[in-house]
Amino acid sequence: FKFISLDLKLGKKVNEGKTKEVYELPDMPGCVLMQSKDQITAGNAARKDRMEGKAAISNTTTSCVFQLLQEAGIKTAFIRKQSDTAFIAAHCEMIPIEWVCRRIATGSFLKRNPGVKEGYKFYPPKIEMFYKDDANNDPQWSEEQLIEAKFCFAGLTIGQTEVDIMARSTQAIFEILEKSWQPQNCTLVDLKIEFGVNILTKEIVLADVIDNDSWRLWPSGDRSQQKDKQSYRDLKEVTPEALQMVKRNFEWVAERVELLLKTKSQGRVVVLMGSPSDLSHCEKIKKACATFGIPCELRVTSAHKGPDETLRIKAEYEGDGIPTVFVAVAGRSNGLGPVMSGNTAYPVVNCPPLSADWGTQDVWSSLRLPSGLGCPTTLSPEGAAQFAAQIFGLNNHLVWAKLRSNMLNTWISLKQADKKLRECTL
């Protein structure tokens, strides 16, 4: 994280919750400082204790989680970590709904749905929403109630489109974090998040915090090993020893959450082009690979004119142990993809640069292959990069997160375009 050493001038306190304070920043219009407190609460603060060091633990956890989501492409309010106990965020008008996404039935879901056994799994994950109202214990709301409330924040009215966007985003955010915890053999059981409307851009973004109070986390999928705030909620009585146990759980999470930003899995794309005249086509593949964080190398080789050299290049990339997807770019008669596919166990995808005059004939050399070859064809350079990303995403959560976020953002942009068009025509 980039730390800014100069002291920020704090403006007026905008808000204070049970575990944090929010301050305006006069020198940074449109931004606020989110300051965590050394406080832990349960049951709408019916139980409340001071926990030394909790502010720093929560701030570390939130900063890592938001950085992970932001790098994946999820729109969030987070800007940067400012100190051990505070971060800077875009100023949002908060939507007073807690969105909950569950993979496994536990906790309040079981009380509200008698007859469902703990451990029941939801496919797809279950989305619920609760209206933030401490006096009434945050009642569960339906989509219809939220739409009928006709809330308006920062000039944006919360209607069907906005509710759909938040519901979709909640599922995507949960799935990205669930996938990110898996390499550490941790099960993300459920997750609670909040959205706000950015006062400058007027768009809905993930806001507030995501820390160890926001989820249930079971190492090895075992509830008895729970590391989240439930270990505090479950205490019969709060003794100094019990609080130390809870703090150790929170520290365990804060240490491991930094690992969410890393992956042990390597991967690369090697683009083989039959001729340097195909370079501009190949540059598009390389550029698209970069958006997924995948290294990409470009090579020139012709399976027709220099098959020995093609196979030598292949052997070079097979020999260093880095998982590789080959992309064959050959115009006219594509010998490159089929020859590679017949001589390597690594994935090969054809991405021929078809010309307008002969393209309909040339494409058959990529599509109709001898038996025993598994070499798909995509005509779009971006599609070839995405296909490679989907292969690496199987065991690289950072690549998978970018793919999942792309799906969400494409869906949101279509939804918003539809809303805009209907407003114009009404």
# chains A, B, ... in the order shown; residues from 1 in each chain; ligands from 1
$ residues_around --residues "Thr60 of chain A" --least-positions-apart "4" --cutoff "12 Å" --atoms "only C-alpha atoms" --output "compact mmCIF listing (two decimals) with all heavy atoms, in the first residue's frame"
# COMPACT_ATOMS: atom_id res chain seq x y z
N PHE A 1 0.83 -1.19 0.00
CA PHE A 1 0.00 0.00 0.00
C PHE A 1 0.87 1.25 0.00
O PHE A 1 1.93 1.28 0.61
CB PHE A 1 -0.89 0.03 1.25
CG PHE A 1 -1.86 -1.10 1.30
CD1 PHE A 1 -1.75 -2.12 2.21
CD2 PHE A 1 -2.92 -1.15 0.39
CE1 PHE A 1 -2.63 -3.15 2.23
CE2 PHE A 1 -3.81 -2.19 0.41
CZ PHE A 1 -3.67 -3.18 1.33
N GLN A 35 -12.18 5.92 9.91
CA GLN A 35 -11.31 5.66 11.06
C GLN A 35 -11.92 4.53 11.90
O GLN A 35 -13.03 4.65 12.38
CB GLN A 35 -11.19 6.94 11.89
CG GLN A 35 -10.42 6.80 13.19
CD GLN A 35 -8.94 6.54 12.96
OE1 GLN A 35 -8.27 7.30 12.26
NE2 GLN A 35 -8.43 5.47 13.54
N SER A 36 -11.19 3.42 12.04
CA SER A 36 -11.70 2.29 12.83
C SER A 36 -11.49 2.53 14.33
O SER A 36 -10.61 3.28 14.73
CB SER A 36 -10.98 1.00 12.43
OG SER A 36 -11.35 0.61 11.13
N GLY A 53 -6.18 -3.03 19.71
CA GLY A 53 -5.59 -3.45 18.43
C GLY A 53 -6.61 -3.81 17.36
O GLY A 53 -6.24 -4.08 16.22
N LYS A 54 -7.90 -3.82 17.71
CA LYS A 54 -8.89 -4.25 16.72
C LYS A 54 -8.99 -3.28 15.54
O LYS A 54 -9.17 -3.69 14.40
CB LYS A 54 -10.28 -4.41 17.35
CG LYS A 54 -11.33 -4.82 16.29
CD LYS A 54 -12.68 -5.14 16.87
CE LYS A 54 -13.65 -5.59 15.79
NZ LYS A 54 -14.19 -4.53 14.96
N ALA A 55 -8.80 -1.96 15.82
CA ALA A 55 -8.89 -0.97 14.73
C ALA A 55 -7.87 -1.27 13.63
O ALA A 55 -8.20 -1.25 12.44
CB ALA A 55 -8.69 0.43 15.28
N ALA A 56 -6.64 -1.58 14.03
CA ALA A 56 -5.58 -1.87 13.05
C ALA A 56 -5.87 -3.17 12.31
O ALA A 56 -5.67 -3.27 11.10
CB ALA A 56 -4.22 -1.95 13.75
N CYS A 64 -7.05 -4.83 2.41
CA CYS A 64 -6.66 -5.93 1.53
C CYS A 64 -7.84 -6.41 0.68
O CYS A 64 -7.70 -6.63 -0.53
CB CYS A 64 -6.11 -7.10 2.34
SG CYS A 64 -4.48 -6.81 3.01
N VAL A 65 -9.00 -6.56 1.32
CA VAL A 65 -10.18 -7.07 0.61
C VAL A 65 -10.60 -6.09 -0.49
O VAL A 65 -10.86 -6.49 -1.63
CB VAL A 65 -11.35 -7.33 1.59
CG1 VAL A 65 -12.64 -7.61 0.83
CG2 VAL A 65 -11.01 -8.51 2.49
N PHE A 66 -10.63 -4.80 -0.17
CA PHE A 66 -11.03 -3.81 -1.16
C PHE A 66 -10.00 -3.70 -2.29
O PHE A 66 -10.37 -3.53 -3.45
CB PHE A 66 -11.28 -2.45 -0.51
CG PHE A 66 -12.69 -2.28 0.00
CD1 PHE A 66 -13.06 -2.78 1.24
CD2 PHE A 66 -13.65 -1.65 -0.76
CE1 PHE A 66 -14.36 -2.64 1.71
CE2 PHE A 66 -14.95 -1.51 -0.30
CZ PHE A 66 -15.31 -2.01 0.94
N GLN A 67 -8.72 -3.84 -1.94
CA GLN A 67 -7.70 -3.79 -3.00
C GLN A 67 -7.87 -4.98 -3.95
O GLN A 67 -7.80 -4.83 -5.17
CB GLN A 67 -6.30 -3.81 -2.37
CG GLN A 67 -5.21 -3.50 -3.40
CD GLN A 67 -3.80 -3.63 -2.83
OE1 GLN A 67 -3.59 -3.62 -1.63
NE2 GLN A 67 -2.83 -3.77 -3.72
N ARG A 80 -7.36 4.44 -0.74
CA ARG A 80 -6.06 3.92 -0.28
C ARG A 80 -6.03 3.81 1.23
O ARG A 80 -6.77 4.50 1.94
CB ARG A 80 -4.91 4.82 -0.76
CG ARG A 80 -4.94 6.21 -0.18
CD ARG A 80 -3.61 6.94 -0.33
NE ARG A 80 -3.65 8.19 0.40
CZ ARG A 80 -3.81 9.38 -0.15
NH1 ARG A 80 -3.93 9.50 -1.46
NH2 ARG A 80 -3.84 10.47 0.60
N LYS A 81 -5.13 2.97 1.72
CA LYS A 81 -4.89 2.87 3.16
C LYS A 81 -4.10 4.11 3.57
O LYS A 81 -3.14 4.48 2.90
CB LYS A 81 -4.08 1.60 3.44
CG LYS A 81 -3.96 1.25 4.91
CD LYS A 81 -3.27 -0.10 5.07
CE LYS A 81 -3.13 -0.46 6.54
NZ LYS A 81 -2.45 -1.74 6.73
N GLN A 82 -4.54 4.77 4.64
CA GLN A 82 -3.90 6.04 5.04
C GLN A 82 -2.98 5.85 6.23
O GLN A 82 -1.92 6.45 6.31
CB GLN A 82 -4.99 7.06 5.36
CG GLN A 82 -4.51 8.36 5.97
CD GLN A 82 -3.63 9.16 5.02
OE1 GLN A 82 -3.63 8.92 3.82
NE2 GLN A 82 -2.87 10.11 5.56
N SER A 83 -3.39 5.00 7.19
CA SER A 83 -2.59 4.77 8.39
C SER A 83 -2.92 3.36 8.88
O SER A 83 -3.69 2.65 8.24
CB SER A 83 -2.95 5.79 9.48
OG SER A 83 -4.27 5.54 9.93
N ASP A 84 -2.36 2.98 10.02
CA ASP A 84 -2.64 1.64 10.56
C ASP A 84 -4.13 1.44 10.82
O ASP A 84 -4.63 0.32 10.73
CB ASP A 84 -1.88 1.42 11.88
CG ASP A 84 -0.42 1.15 11.63
OD1 ASP A 84 -0.05 0.93 10.45
OD2 ASP A 84 0.37 1.17 12.59
N THR A 85 -4.83 2.53 11.16
CA THR A 85 -6.22 2.36 11.60
C THR A 85 -7.24 3.10 10.74
O THR A 85 -8.41 3.18 11.10
CB THR A 85 -6.37 2.84 13.06
OG1 THR A 85 -5.98 4.23 13.11
CG2 THR A 85 -5.52 2.02 14.02
N ALA A 86 -6.79 3.66 9.59
CA ALA A 86 -7.74 4.45 8.77
C ALA A 86 -7.45 4.29 7.29
O ALA A 86 -6.31 4.03 6.89
CB ALA A 86 -7.66 5.93 9.16
N PHE A 87 -8.50 4.45 6.48
CA PHE A 87 -8.30 4.48 5.02
C PHE A 87 -9.14 5.61 4.42
O PHE A 87 -10.09 6.10 5.05
CB PHE A 87 -8.62 3.12 4.38
CG PHE A 87 -10.07 2.71 4.38
CD1 PHE A 87 -10.92 3.04 3.33
CD2 PHE A 87 -10.60 1.96 5.43
CE1 PHE A 87 -12.25 2.64 3.32
CE2 PHE A 87 -11.93 1.56 5.44
CZ PHE A 87 -12.76 1.90 4.38
N VAL A 209 -17.18 -1.12 4.93
CA VAL A 209 -15.97 -1.94 5.14
C VAL A 209 -16.32 -3.42 4.91
O VAL A 209 -17.48 -3.80 4.95
CB VAL A 209 -15.42 -1.79 6.59
CG1 VAL A 209 -15.01 -0.36 6.87
CG2 VAL A 209 -16.43 -2.27 7.63
N ILE A 210 -15.30 -4.21 4.63
CA ILE A 210 -15.44 -5.68 4.70
C ILE A 210 -14.29 -6.15 5.58
O ILE A 210 -13.13 -6.14 5.17
CB ILE A 210 -15.35 -6.34 3.31
CG1 ILE A 210 -16.47 -5.86 2.39
CG2 ILE A 210 -15.41 -7.87 3.44
CD1 ILE A 210 -16.47 -6.48 0.99
N ASP A 211 -14.62 -6.50 6.82
CA ASP A 211 -13.59 -6.98 7.74
C ASP A 211 -14.08 -8.27 8.40
O ASP A 211 -15.00 -8.91 7.91
CB ASP A 211 -13.22 -5.89 8.76
CG ASP A 211 -14.43 -5.43 9.60
OD1 ASP A 211 -15.46 -6.13 9.60
OD2 ASP A 211 -14.32 -4.36 10.24
N ASN A 212 -13.47 -8.63 9.52
CA ASN A 212 -13.79 -9.93 10.12
C ASN A 212 -15.17 -9.94 10.79
O ASN A 212 -15.64 -10.99 11.23
CB ASN A 212 -12.70 -10.33 11.12
CG ASN A 212 -12.56 -11.84 11.24
OD1 ASN A 212 -12.84 -12.58 10.30
ND2 ASN A 212 -12.17 -12.31 12.40
N PHE A 250 -8.95 -12.90 15.10
CA PHE A 250 -8.95 -11.73 14.21
C PHE A 250 -7.56 -11.52 13.61
O PHE A 250 -7.42 -11.17 12.44
CB PHE A 250 -9.40 -10.49 14.98
CG PHE A 250 -10.90 -10.30 15.02
CD1 PHE A 250 -11.73 -11.24 15.62
CD2 PHE A 250 -11.49 -9.19 14.43
CE1 PHE A 250 -13.11 -11.08 15.64
CE2 PHE A 250 -12.87 -9.01 14.44
CZ PHE A 250 -13.68 -9.96 15.04
N GLU A 251 -6.51 -11.74 14.42
CA GLU A 251 -5.13 -11.59 13.92
C GLU A 251 -4.83 -12.65 12.88
O GLU A 251 -4.15 -12.39 11.87
CB GLU A 251 -4.14 -11.69 15.09
CG GLU A 251 -4.14 -10.44 15.97
CD GLU A 251 -3.36 -10.62 17.27
OE1 GLU A 251 -3.17 -11.77 17.72
OE2 GLU A 251 -2.97 -9.60 17.85
N TRP A 252 -5.33 -13.86 13.10
CA TRP A 252 -5.14 -14.98 12.16
C TRP A 252 -5.68 -14.58 10.78
O TRP A 252 -5.04 -14.78 9.75
CB TRP A 252 -5.88 -16.21 12.69
CG TRP A 252 -5.68 -17.48 11.95
CD1 TRP A 252 -4.76 -18.46 12.22
CD2 TRP A 252 -6.43 -17.96 10.80
NE1 TRP A 252 -4.89 -19.50 11.32
CE2 TRP A 252 -5.90 -19.22 10.44
CE3 TRP A 252 -7.48 -17.45 10.05
CZ2 TRP A 252 -6.39 -19.97 9.37
CZ3 TRP A 252 -7.97 -18.19 8.99
CH2 TRP A 252 -7.43 -19.44 8.65
N VAL A 253 -6.87 -13.96 10.78
CA VAL A 253 -7.49 -13.53 9.52
C VAL A 253 -6.69 -12.39 8.89
O VAL A 253 -6.42 -12.40 7.69
CB VAL A 253 -8.96 -13.11 9.74
CG1 VAL A 253 -9.55 -12.47 8.48
CG2 VAL A 253 -9.79 -14.33 10.15
N ALA A 254 -6.27 -11.41 9.72
CA ALA A 254 -5.55 -10.24 9.18
C ALA A 254 -4.22 -10.66 8.54
O ALA A 254 -3.79 -10.08 7.55
CB ALA A 254 -5.31 -9.22 10.29
N GLU A 255 -3.57 -11.68 9.12
CA GLU A 255 -2.31 -12.17 8.53
C GLU A 255 -2.57 -12.84 7.18
O GLU A 255 -1.85 -12.63 6.21
CB GLU A 255 -1.65 -13.21 9.45
CG GLU A 255 -0.87 -12.59 10.60
CD GLU A 255 -0.55 -13.63 11.68
OE1 GLU A 255 -0.48 -14.84 11.34
OE2 GLU A 255 -0.39 -13.22 12.85
N ARG A 256 -3.63 -13.65 7.11
CA ARG A 256 -3.88 -14.42 5.90
C ARG A 256 -4.55 -13.62 4.80
O ARG A 256 -4.43 -13.96 3.62
CB ARG A 256 -4.71 -15.66 6.24
CG ARG A 256 -3.83 -16.78 6.76
CD ARG A 256 -4.59 -17.84 7.53
NE ARG A 256 -3.66 -18.81 8.08
CZ ARG A 256 -2.91 -18.60 9.16
NH1 ARG A 256 -2.97 -17.44 9.78
NH2 ARG A 256 -2.09 -19.53 9.61
N VAL A 257 -5.23 -12.55 5.18
CA VAL A 257 -5.96 -11.77 4.17
C VAL A 257 -4.97 -11.12 3.20
O VAL A 257 -5.28 -10.90 2.03
CB VAL A 257 -6.89 -10.74 4.85
CG1 VAL A 257 -6.15 -9.49 5.29
CG2 VAL A 257 -8.06 -10.38 3.97
N GLU A 258 -3.75 -10.86 3.65
CA GLU A 258 -2.73 -10.28 2.76
C GLU A 258 -2.34 -11.27 1.66
O GLU A 258 -1.93 -10.87 0.58
CB GLU A 258 -1.51 -9.83 3.57
CG GLU A 258 -1.88 -8.71 4.55
CD GLU A 258 -0.70 -8.03 5.22
OE1 GLU A 258 0.44 -8.38 4.87
OE2 GLU A 258 -0.94 -7.17 6.08
N LEU A 259 -2.49 -12.57 1.96
CA LEU A 259 -2.16 -13.59 0.96
C LEU A 259 -3.20 -13.64 -0.16
O LEU A 259 -2.95 -14.22 -1.22
CB LEU A 259 -2.05 -14.97 1.62
CG LEU A 259 -0.99 -15.11 2.72
CD1 LEU A 259 -1.07 -16.48 3.38
CD2 LEU A 259 0.41 -14.88 2.16
$ select_by_dssp --residues "segment 11-107 of chain A" --states "strand (DSSP E or B)" --output "JSON, numbers by chain"
{"A": [13, 14, 15, 16, 20, 21, 22, 23, 24, 31, 32, 33, 34, 35, 36, 39, 40, 41, 42, 47, 48, 49, 50, 76, 78, 79, 80, 81, 86, 87, 88, 89, 90, 92, 93, 94, 97, 98, 99, 100, 101, 102, 103, 104]}
$ select_by_dssp --residues "segment 289-416 of chain A" --states "helix (DSSP H, G or I)" --output "VMD selection string"
chain A and resid 289 to 291 307 to 318 336 to 343 359 to 362 364 to 367 381 to 393 397 to 416
$ closest_residue --among "A:Gly393, A:Pro96, A:Gly196, A:Gly337" --to "Ser366 of chain A" --atoms "only C-alpha atoms"
A:Gly337
$ closest_residue --among "A:Trp141, A:Trp364, A:Phe326, A:Trp99" --to "Val348 of chain A" --atoms "only C-alpha atoms"
A:Phe326
$ residues_around --residues "segment 107-122 of chain A" --least-positions-apart "6" --cutoff "10 Å" --atoms "only C-alpha atoms" --output "tab-separated table (two decimals) with N, CA, C and O atoms, in the first residue's frame"
chain	number	residue	atom	x	y	z
A	101	CYS	N	-25.00	-12.55	1.47
A	101	CYS	CA	-24.90	-13.65	0.50
A	101	CYS	C	-24.43	-14.88	1.25
A	101	CYS	O	-23.44	-14.83	1.99
A	128	GLU	N	-29.93	-12.27	0.53
A	128	GLU	CA	-30.99	-11.71	1.39
A	128	GLU	C	-30.65	-10.25	1.66
A	128	GLU	O	-29.49	-9.85	1.54
A	140	GLN	N	-35.70	-8.14	7.94
A	140	GLN	CA	-35.47	-8.61	6.57
A	140	GLN	C	-36.44	-7.89	5.64
A	140	GLN	O	-37.61	-7.71	5.97
A	189	VAL	N	-18.38	-18.80	4.32
A	189	VAL	CA	-19.72	-19.34	4.55
A	189	VAL	C	-20.79	-18.35	4.11
A	189	VAL	O	-21.75	-18.69	3.42
A	190	ASP	N	-20.59	-17.08	4.52
A	190	ASP	CA	-21.52	-16.01	4.13
A	190	ASP	C	-20.80	-14.67	4.24
A	190	ASP	O	-19.67	-14.60	4.73
A	216	ARG	N	-18.52	-15.08	7.75
A	216	ARG	CA	-18.16	-16.27	8.52
A	216	ARG	C	-17.10	-17.01	7.73
A	216	ARG	O	-17.26	-17.22	6.53
A	221	GLY	N	-13.57	-25.83	6.22
A	221	GLY	CA	-15.02	-26.02	6.20
A	221	GLY	C	-15.58	-26.49	7.53
A	221	GLY	O	-16.71	-26.98	7.61
A	223	ARG	N	-16.89	-25.73	11.23
A	223	ARG	CA	-17.44	-24.63	12.03
A	223	ARG	C	-16.72	-24.50	13.37
A	223	ARG	O	-16.57	-23.39	13.90
A	230	GLN	N	-18.19	-14.53	14.92
A	230	GLN	CA	-19.09	-15.47	15.59
A	230	GLN	C	-18.46	-16.02	16.87
A	230	GLN	O	-19.14	-16.32	17.85
$ closest_residue --among "A:Val100, A:Ile127, A:Met94, A:Ala167" --to "Cys152 of chain A" --atoms "only C-alpha atoms"
A:Met94
$ closest_residue --among "A:Val349, A:Leu69, A:Val163, A:Leu311" --to "Glu148 of chain A" --atoms "only C-alpha atoms"
A:Val163
